[in-house]
Amino acid sequence: MLNRPRSRSWTLLVLASIAIIALILHESGQLQPVEDLAQYVIGPVLRSFDSLVGGTADLFSTYRDARELRTENRRLQEENNRLITENIRLKEFEAENATLRDLLKFTRNNPNYTTLAADVIGRDPSPYLSTIIINVGENRGLKPGMPVITGGSALVGRVIQVNPRTAQVQLLEDVSSAVNAMIQSSRATGLVRGQPDGTLAMEFIPLEEKVQPGDIVLTSGLGGDLPRAMVVGQVASVTRRDIDLFQSAALRSAVDLNRLEVVLVITNFEPLTTQPTK
Amino acid sequence: MSPNPYFTIPFLLVVAILQSTAAPRLAVVGARPDLMLTSIVSWTLLAAFRVRELEYAGESPSLTRGINDGIVWGFAGGIFLDSLSGAPLGASALALMVAALVVGIIGVRVAIPAPLLVALMTALGTLVYHLAFLAAMALTGRPVFWGADMARVILPGVVLNLVLVPAVYGLLSIVDRRTSRERLQW
């Protein structure tokens, strides 16, 4: 037991000497083979340890990455949903913008008319009637008989009933609707009426008048219940029999009356007959 | 038997608004699903079934009670529809009341399985409603094209209503179960 400090000193001295000798040998390059051998043996072990430690670290990193990816994914999904919604909204705005531009064009080209834009908020619940409900009424000066148009001066119909905040518009395709019209090219006049199948037909066109598919039909202004030169539609086909007094034509409506969203009411037109056929 | 008016009135109003806004978008050819009609047919039949249950239980309920419910619903729903329509006020109300009356009378008296009766009464109710509505239109001077309307609106309408009625009947059955104060305890 008493010898232990001395033995420790010896050990220290020996180890220190070995270390110093190793240092000297290393510096002189004598130890290179031994070092190479050691590297040769230890290298693979080190690599194995390194990949093991690296793998473990990767595992933690992968877990962390997955968590981050999930968060990122959620964020991107939210962003995607937001962009989809915004895209839909922008498309709606674009469509509305196009409609309003059309309507604005009409008001610019026809400064004599005072118009009021209105949204279509409902349609007739009955399948036998073609009317729409618009979101302006007596409060904005609407009166029965006022013409209602849409983009490109296309006639939609006329106001038949006015409530304080809404109004009912009888569409051209309603079976009770009758509009004095003329063929743009030949100036032949007739009466455009709604048909039971929801189409339009121009009747009472004199037989001697030449009517062809593709002819544009406009309001004639006869009777004073509607302004002149509003677009009603286009001739699709002509029915003409020599035994009849008149010929008739099936019309393609100028606008899809089932897809109306915004319309213009001409508020300064005073119809001579304020009681439309009902 | 009738649910609270705080339910009935808003319900019929919502149905009328849907009939004016959603139904035209579901149109096939010229026909549209009749949300209001199917609601009234369903409710009339539910009331009729309740009357029959009371009969089986040995009570002697008033047969008119089952019919009255449908007629009241028909009147209120019809007035809502007419207020959104270019039709003369009362035309839909009258037509729906007539349809409810026919469906109610048959529903109380004819004992066949409920699903079959609902389907038959929906078809019959659709025919009666449309014909009564067209008659009201003709009487008020509007042009009516009976043949064309039958082919383009009424017959396709029967099919659409038959598709629609299970959902409406199912919904109103739940309402009926929750609101009925005369539930039988078997």
# chains A, B, ... in the order shown; residues from 1 in each chain; ligands from 1
call {"tool": "residues_around", "arguments": {"residues": "Ile154 (chain B)", "least_positions_apart": "2", "cutoff": "12 Å", "atoms": "only C-alpha atoms", "output": "ChimeraX atom specification"}}
result
/A:126-128 /B:28-34,123-134,145-152,156-161
call {"tool": "write_last_selection", "arguments": {"atoms": "N, CA and C atoms", "output": "mmCIF file, in the first residue's frame"}}
result
data_model
loop_
_atom_site.group_PDB
_atom_site.id
_atom_site.type_symbol
_atom_site.label_atom_id
_atom_site.label_comp_id
_atom_site.auth_asym_id
_atom_site.auth_seq_id
_atom_site.Cartn_x
_atom_site.Cartn_y
_atom_site.Cartn_z
ATOM 1 N N SER A 126 -93.591 29.455 -60.605
ATOM 2 C CA SER A 126 -94.444 28.642 -61.471
ATOM 3 C C SER A 126 -93.753 28.372 -62.808
ATOM 4 N N PRO A 127 -93.802 27.120 -63.269
ATOM 5 C CA PRO A 127 -93.172 26.824 -64.562
ATOM 6 C C PRO A 127 -93.945 27.385 -65.750
ATOM 7 N N TYR A 128 -95.165 27.895 -65.500
ATOM 8 C CA TYR A 128 -95.985 28.406 -66.609
ATOM 9 C C TYR A 128 -95.744 29.887 -66.871
ATOM 10 N N VAL B 28 -85.949 20.492 -65.681
ATOM 11 C CA VAL B 28 -85.689 19.520 -66.745
ATOM 12 C C VAL B 28 -86.768 19.748 -67.795
ATOM 13 N N VAL B 29 -86.335 19.997 -69.016
ATOM 14 C CA VAL B 29 -87.214 20.442 -70.095
ATOM 15 C C VAL B 29 -87.925 21.702 -69.589
ATOM 16 N N GLY B 30 -89.225 21.621 -69.359
ATOM 17 C CA GLY B 30 -89.904 22.811 -68.815
ATOM 18 C C GLY B 30 -90.351 22.597 -67.394
ATOM 19 N N ALA B 31 -90.086 21.395 -66.869
ATOM 20 C CA ALA B 31 -90.603 21.062 -65.541
ATOM 21 C C ALA B 31 -89.601 21.376 -64.450
ATOM 22 N N ARG B 32 -90.134 21.676 -63.282
ATOM 23 C CA ARG B 32 -89.277 21.918 -62.119
ATOM 24 C C ARG B 32 -89.788 21.072 -60.967
ATOM 25 N N PRO B 33 -88.908 20.708 -60.046
ATOM 26 C CA PRO B 33 -89.413 20.002 -58.864
ATOM 27 C C PRO B 33 -90.293 20.947 -58.043
ATOM 28 N N ASP B 34 -91.424 20.444 -57.579
ATOM 29 C CA ASP B 34 -92.339 21.264 -56.781
ATOM 30 C C ASP B 34 -92.065 21.036 -55.301
ATOM 31 N N ALA B 123 -97.819 11.661 -57.158
ATOM 32 C CA ALA B 123 -98.160 11.725 -58.584
ATOM 33 C C ALA B 123 -99.535 12.360 -58.777
ATOM 34 N N LEU B 124 -100.503 11.893 -57.985
ATOM 35 C CA LEU B 124 -101.860 12.423 -58.116
ATOM 36 C C LEU B 124 -101.896 13.901 -57.709
ATOM 37 N N GLY B 125 -101.230 14.201 -56.592
ATOM 38 C CA GLY B 125 -101.195 15.588 -56.116
ATOM 39 C C GLY B 125 -100.590 16.524 -57.155
ATOM 40 N N THR B 126 -99.535 16.069 -57.832
ATOM 41 C CA THR B 126 -98.896 16.900 -58.868
ATOM 42 C C THR B 126 -99.885 17.180 -60.001
ATOM 43 N N LEU B 127 -100.564 16.125 -60.430
ATOM 44 C CA LEU B 127 -101.548 16.304 -61.522
ATOM 45 C C LEU B 127 -102.641 17.279 -61.100
ATOM 46 N N VAL B 128 -103.205 17.049 -59.909
ATOM 47 C CA VAL B 128 -104.321 17.885 -59.441
ATOM 48 C C VAL B 128 -103.853 19.339 -59.280
ATOM 49 N N TYR B 129 -102.688 19.496 -58.673
ATOM 50 C CA TYR B 129 -102.175 20.860 -58.433
ATOM 51 C C TYR B 129 -101.992 21.619 -59.750
ATOM 52 N N HIS B 130 -101.326 20.977 -60.699
ATOM 53 C CA HIS B 130 -101.051 21.687 -61.957
ATOM 54 C C HIS B 130 -102.330 21.971 -62.730
ATOM 55 N N LEU B 131 -103.224 21.000 -62.748
ATOM 56 C CA LEU B 131 -104.468 21.223 -63.492
ATOM 57 C C LEU B 131 -105.297 22.326 -62.829
ATOM 58 N N ALA B 132 -105.329 22.317 -61.497
ATOM 59 C CA ALA B 132 -106.090 23.361 -60.790
ATOM 60 C C ALA B 132 -105.442 24.730 -61.021
ATOM 61 N N PHE B 133 -104.104 24.757 -61.034
ATOM 62 C CA PHE B 133 -103.397 26.021 -61.252
ATOM 63 C C PHE B 133 -103.689 26.554 -62.659
ATOM 64 N N LEU B 134 -103.621 25.649 -63.639
ATOM 65 C CA LEU B 134 -103.885 26.072 -65.018
ATOM 66 C C LEU B 134 -105.341 26.541 -65.170
ATOM 67 N N PHE B 145 -102.039 26.440 -72.460
ATOM 68 C CA PHE B 145 -101.861 25.445 -73.527
ATOM 69 C C PHE B 145 -101.876 24.069 -72.869
ATOM 70 N N TRP B 146 -103.069 23.523 -72.724
ATOM 71 C CA TRP B 146 -103.259 22.318 -71.920
ATOM 72 C C TRP B 146 -102.365 21.164 -72.391
ATOM 73 N N GLY B 147 -102.406 20.892 -73.665
ATOM 74 C CA GLY B 147 -101.661 19.745 -74.193
ATOM 75 C C GLY B 147 -100.159 19.923 -74.028
ATOM 76 N N ALA B 148 -99.694 21.097 -74.453
ATOM 77 C CA ALA B 148 -98.253 21.363 -74.377
ATOM 78 C C ALA B 148 -97.776 21.367 -72.929
ATOM 79 N N ASP B 149 -98.583 21.958 -72.048
ATOM 80 C CA ASP B 149 -98.188 22.022 -70.638
ATOM 81 C C ASP B 149 -98.173 20.644 -69.996
ATOM 82 N N MET B 150 -99.126 19.816 -70.417
ATOM 83 C CA MET B 150 -99.165 18.449 -69.867
ATOM 84 C C MET B 150 -97.882 17.696 -70.260
ATOM 85 N N ALA B 151 -97.494 17.837 -71.524
ATOM 86 C CA ALA B 151 -96.330 17.091 -72.009
ATOM 87 C C ALA B 151 -95.015 17.688 -71.504
ATOM 88 N N ARG B 152 -94.950 19.016 -71.420
ATOM 89 C CA ARG B 152 -93.679 19.679 -71.146
ATOM 90 C C ARG B 152 -93.442 19.933 -69.658
ATOM 91 N N PRO B 156 -93.337 15.474 -66.802
ATOM 92 C CA PRO B 156 -91.965 15.443 -66.255
ATOM 93 C C PRO B 156 -91.931 15.878 -64.785
ATOM 94 N N GLY B 157 -92.864 16.795 -64.425
ATOM 95 C CA GLY B 157 -92.948 17.262 -63.033
ATOM 96 C C GLY B 157 -93.296 16.127 -62.079
ATOM 97 N N VAL B 158 -94.163 15.211 -62.533
ATOM 98 C CA VAL B 158 -94.527 14.054 -61.704
ATOM 99 C C VAL B 158 -93.260 13.250 -61.387
ATOM 100 N N VAL B 159 -92.453 13.043 -62.410
ATOM 101 C CA VAL B 159 -91.226 12.248 -62.214
ATOM 102 C C VAL B 159 -90.275 12.960 -61.246
ATOM 103 N N LEU B 160 -90.081 14.257 -61.466
ATOM 104 C CA LEU B 160 -89.176 15.017 -60.587
ATOM 105 C C LEU B 160 -89.665 14.988 -59.142
ATOM 106 N N ASN B 161 -90.971 15.132 -58.972
ATOM 107 C CA ASN B 161 -91.521 15.136 -57.611
ATOM 108 C C ASN B 161 -91.395 13.771 -56.944
#
call {"tool": "select_by_dssp", "arguments": {"residues": "region 9-256 of chain A", "states": "helix (DSSP H, G or I)", "output": "PyMOL selection string"}}
result
chain A and resi 9-28+32-109+138-140+151-153+222-224
call {"tool": "closest_residue", "arguments": {"among": "A:Leu155, A:Ile24, A:Val175, A:Leu100", "to": "chain B", "atoms": "only C-alpha atoms"}}
result
A:Val175
call {"tool": "interface_residues", "arguments": {"of": "chain A", "to": "chain B", "cutoff": "7 Å", "atoms": "only C-alpha atoms", "output": "list in words"}}
result
Gly122, Arg123, Asp124, Pro125, Ser126, Pro127, Leu129, Thr131, Val175, Ser176, Pro196 and Lys278 of chain A
call {"tool": "select_by_dssp", "arguments": {"residues": "region 111-153 of chain A", "states": "strand (DSSP E)", "output": "PyMOL selection string"}}
result
chain A and resi 115-123+131-134+147-150
call {"tool": "closest_residue", "arguments": {"among": "A:Leu171, A:Asn268, A:Val156, A:Leu200", "to": "Val231 (chain A)", "atoms": "only C-alpha atoms"}}
result
A:Val156
call {"tool": "closest_residue", "arguments": {"among": "A:Ile183, A:Leu23, A:Met230, A:Val41", "to": "Pro147 (chain A)", "atoms": "only C-alpha atoms"}}
result
A:Met230
call {"tool": "residues_around", "arguments": {"residues": "Gly224 (chain A)", "least_positions_apart": "4", "cutoff": "12 Å", "atoms": "only C-alpha atoms", "output": "JSON, numbers by chain"}}
result
{"A": [145, 146, 147, 179, 180, 181, 219, 220, 228, 269, 270, 271, 272, 273, 274, 276]}
call {"tool": "closest_residue", "arguments": {"among": "A:Ala250, A:Ile205, A:Val162, A:Ile266", "to": "Val148 (chain A)", "atoms": "only C-alpha atoms"}}
result
A:Ile266
call {"tool": "residues_around", "arguments": {"residues": "Ala254 (chain A)", "least_positions_apart": "2", "cutoff": "9 Å", "atoms": "only C-alpha atoms", "output": "ChimeraX atom specification"}}
result
/A:152,154-156,231-234,251-252,256-257
call {"tool": "write_last_selection", "arguments": {"atoms": "N, CA and C atoms", "output": "mmCIF file, in the first residue's frame"}}
result
data_model
loop_
_atom_site.group_PDB
_atom_site.id
_atom_site.type_symbol
_atom_site.label_atom_id
_atom_site.label_comp_id
_atom_site.auth_asym_id
_atom_site.auth_seq_id
_atom_site.Cartn_x
_atom_site.Cartn_y
_atom_site.Cartn_z
ATOM 1 N N GLY A 152 -75.711 44.878 -74.687
ATOM 2 C CA GLY A 152 -75.912 44.902 -76.134
ATOM 3 C C GLY A 152 -77.305 45.347 -76.538
ATOM 4 N N ALA A 154 -80.082 44.441 -75.627
ATOM 5 C CA ALA A 154 -81.014 43.323 -75.813
ATOM 6 C C ALA A 154 -82.179 43.466 -74.842
ATOM 7 N N LEU A 155 -83.372 43.447 -75.421
ATOM 8 C CA LEU A 155 -84.565 43.585 -74.594
ATOM 9 C C LEU A 155 -84.796 42.292 -73.804
ATOM 10 N N VAL A 156 -85.099 42.462 -72.524
ATOM 11 C CA VAL A 156 -85.354 41.321 -71.650
ATOM 12 C C VAL A 156 -86.859 41.174 -71.413
ATOM 13 N N VAL A 231 -82.749 45.195 -79.321
ATOM 14 C CA VAL A 231 -82.577 43.887 -79.959
ATOM 15 C C VAL A 231 -83.470 42.842 -79.272
ATOM 16 N N VAL A 232 -84.237 42.143 -80.080
ATOM 17 C CA VAL A 232 -85.115 41.099 -79.540
ATOM 18 C C VAL A 232 -84.503 39.724 -79.774
ATOM 19 N N GLY A 233 -83.973 39.502 -80.972
ATOM 20 C CA GLY A 233 -83.388 38.195 -81.277
ATOM 21 C C GLY A 233 -83.017 38.095 -82.734
ATOM 22 N N GLN A 234 -82.885 36.874 -83.154
ATOM 23 C CA GLN A 234 -82.450 36.598 -84.513
ATOM 24 C C GLN A 234 -83.371 35.519 -85.089
ATOM 25 N N LEU A 251 -87.679 32.552 -83.430
ATOM 26 C CA LEU A 251 -86.534 33.426 -83.102
ATOM 27 C C LEU A 251 -85.624 32.778 -82.066
ATOM 28 N N ARG A 252 -84.346 33.134 -82.217
ATOM 29 C CA ARG A 252 -83.385 32.822 -81.148
ATOM 30 C C ARG A 252 -83.284 34.090 -80.318
ATOM 31 N N ASP A 256 -79.661 34.751 -73.192
ATOM 32 C CA ASP A 256 -80.222 33.574 -72.526
ATOM 33 C C ASP A 256 -81.003 34.091 -71.312
ATOM 34 N N LEU A 257 -82.314 34.088 -71.468
ATOM 35 C CA LEU A 257 -83.153 34.700 -70.432
ATOM 36 C C LEU A 257 -83.149 33.890 -69.129
#
call {"tool": "decode", "arguments": {"residues": "region 208-220 of chain A", "atoms": "N, CA and C atoms", "output": "PDB file, in the first residue's frame"}}
result
ATOM      1  N   GLU A 208     -95.684  39.072 -98.182  1.00  0.00           N
ATOM      2  CA  GLU A 208     -94.833  39.590 -99.250  1.00  0.00           C
ATOM      3  C   GLU A 208     -93.437  39.998 -98.759  1.00  0.00           C
ATOM      4  N   GLU A 209     -93.270  40.070 -97.445  1.00  0.00           N
ATOM      5  CA  GLU A 209     -91.960  40.466 -96.909  1.00  0.00           C
ATOM      6  C   GLU A 209     -90.983  39.296 -96.974  1.00  0.00           C
ATOM      7  N   LYS A 210     -89.718  39.658 -97.250  1.00  0.00           N
ATOM      8  CA  LYS A 210     -88.703  38.609 -97.331  1.00  0.00           C
ATOM      9  C   LYS A 210     -88.019  38.465 -95.963  1.00  0.00           C
ATOM     10  N   VAL A 211     -88.128  37.287 -95.415  1.00  0.00           N
ATOM     11  CA  VAL A 211     -87.519  37.024 -94.105  1.00  0.00           C
ATOM     12  C   VAL A 211     -86.582  35.829 -94.235  1.00  0.00           C
ATOM     13  N   GLN A 212     -85.407  35.975 -93.706  1.00  0.00           N
ATOM     14  CA  GLN A 212     -84.425  34.889 -93.829  1.00  0.00           C
ATOM     15  C   GLN A 212     -83.833  34.544 -92.467  1.00  0.00           C
ATOM     16  N   PRO A 213     -83.463  33.286 -92.304  1.00  0.00           N
ATOM     17  CA  PRO A 213     -82.763  32.937 -91.057  1.00  0.00           C
ATOM     18  C   PRO A 213     -81.515  33.813 -90.898  1.00  0.00           C
ATOM     19  N   GLY A 214     -81.292  34.260 -89.695  1.00  0.00           N
ATOM     20  CA  GLY A 214     -80.140  35.128 -89.424  1.00  0.00           C
ATOM     21  C   GLY A 214     -80.506  36.590 -89.347  1.00  0.00           C
ATOM     22  N   ASP A 215     -81.696  36.952 -89.851  1.00  0.00           N
ATOM     23  CA  ASP A 215     -82.119  38.359 -89.771  1.00  0.00           C
ATOM     24  C   ASP A 215     -82.267  38.785 -88.310  1.00  0.00           C
ATOM     25  N   ILE A 216     -81.877  40.023 -88.061  1.00  0.00           N
ATOM     26  CA  ILE A 216     -81.981  40.541 -86.691  1.00  0.00           C
ATOM     27  C   ILE A 216     -83.368  41.148 -86.488  1.00  0.00           C
ATOM     28  N   VAL A 217     -83.943  40.870 -85.345  1.00  0.00           N
ATOM     29  CA  VAL A 217     -85.269  41.407 -85.029  1.00  0.00           C
ATOM     30  C   VAL A 217     -85.124  42.452 -83.921  1.00  0.00           C
ATOM     31  N   LEU A 218     -85.705  43.620 -84.183  1.00  0.00           N
ATOM     32  CA  LEU A 218     -85.632  44.725 -83.221  1.00  0.00           C
ATOM     33  C   LEU A 218     -87.039  45.142 -82.819  1.00  0.00           C
ATOM     34  N   THR A 219     -87.130  45.870 -81.708  1.00  0.00           N
ATOM     35  CA  THR A 219     -88.446  46.421 -81.359  1.00  0.00           C
ATOM     36  C   THR A 219     -88.759  47.510 -82.371  1.00  0.00           C
ATOM     37  N   SER A 220     -90.053  47.591 -82.755  1.00  0.00           N
ATOM     38  CA  SER A 220     -90.422  48.579 -83.776  1.00  0.00           C
ATOM     39  C   SER A 220     -90.848  49.896 -83.145  1.00  0.00           C
TER      40      SER A 220
END
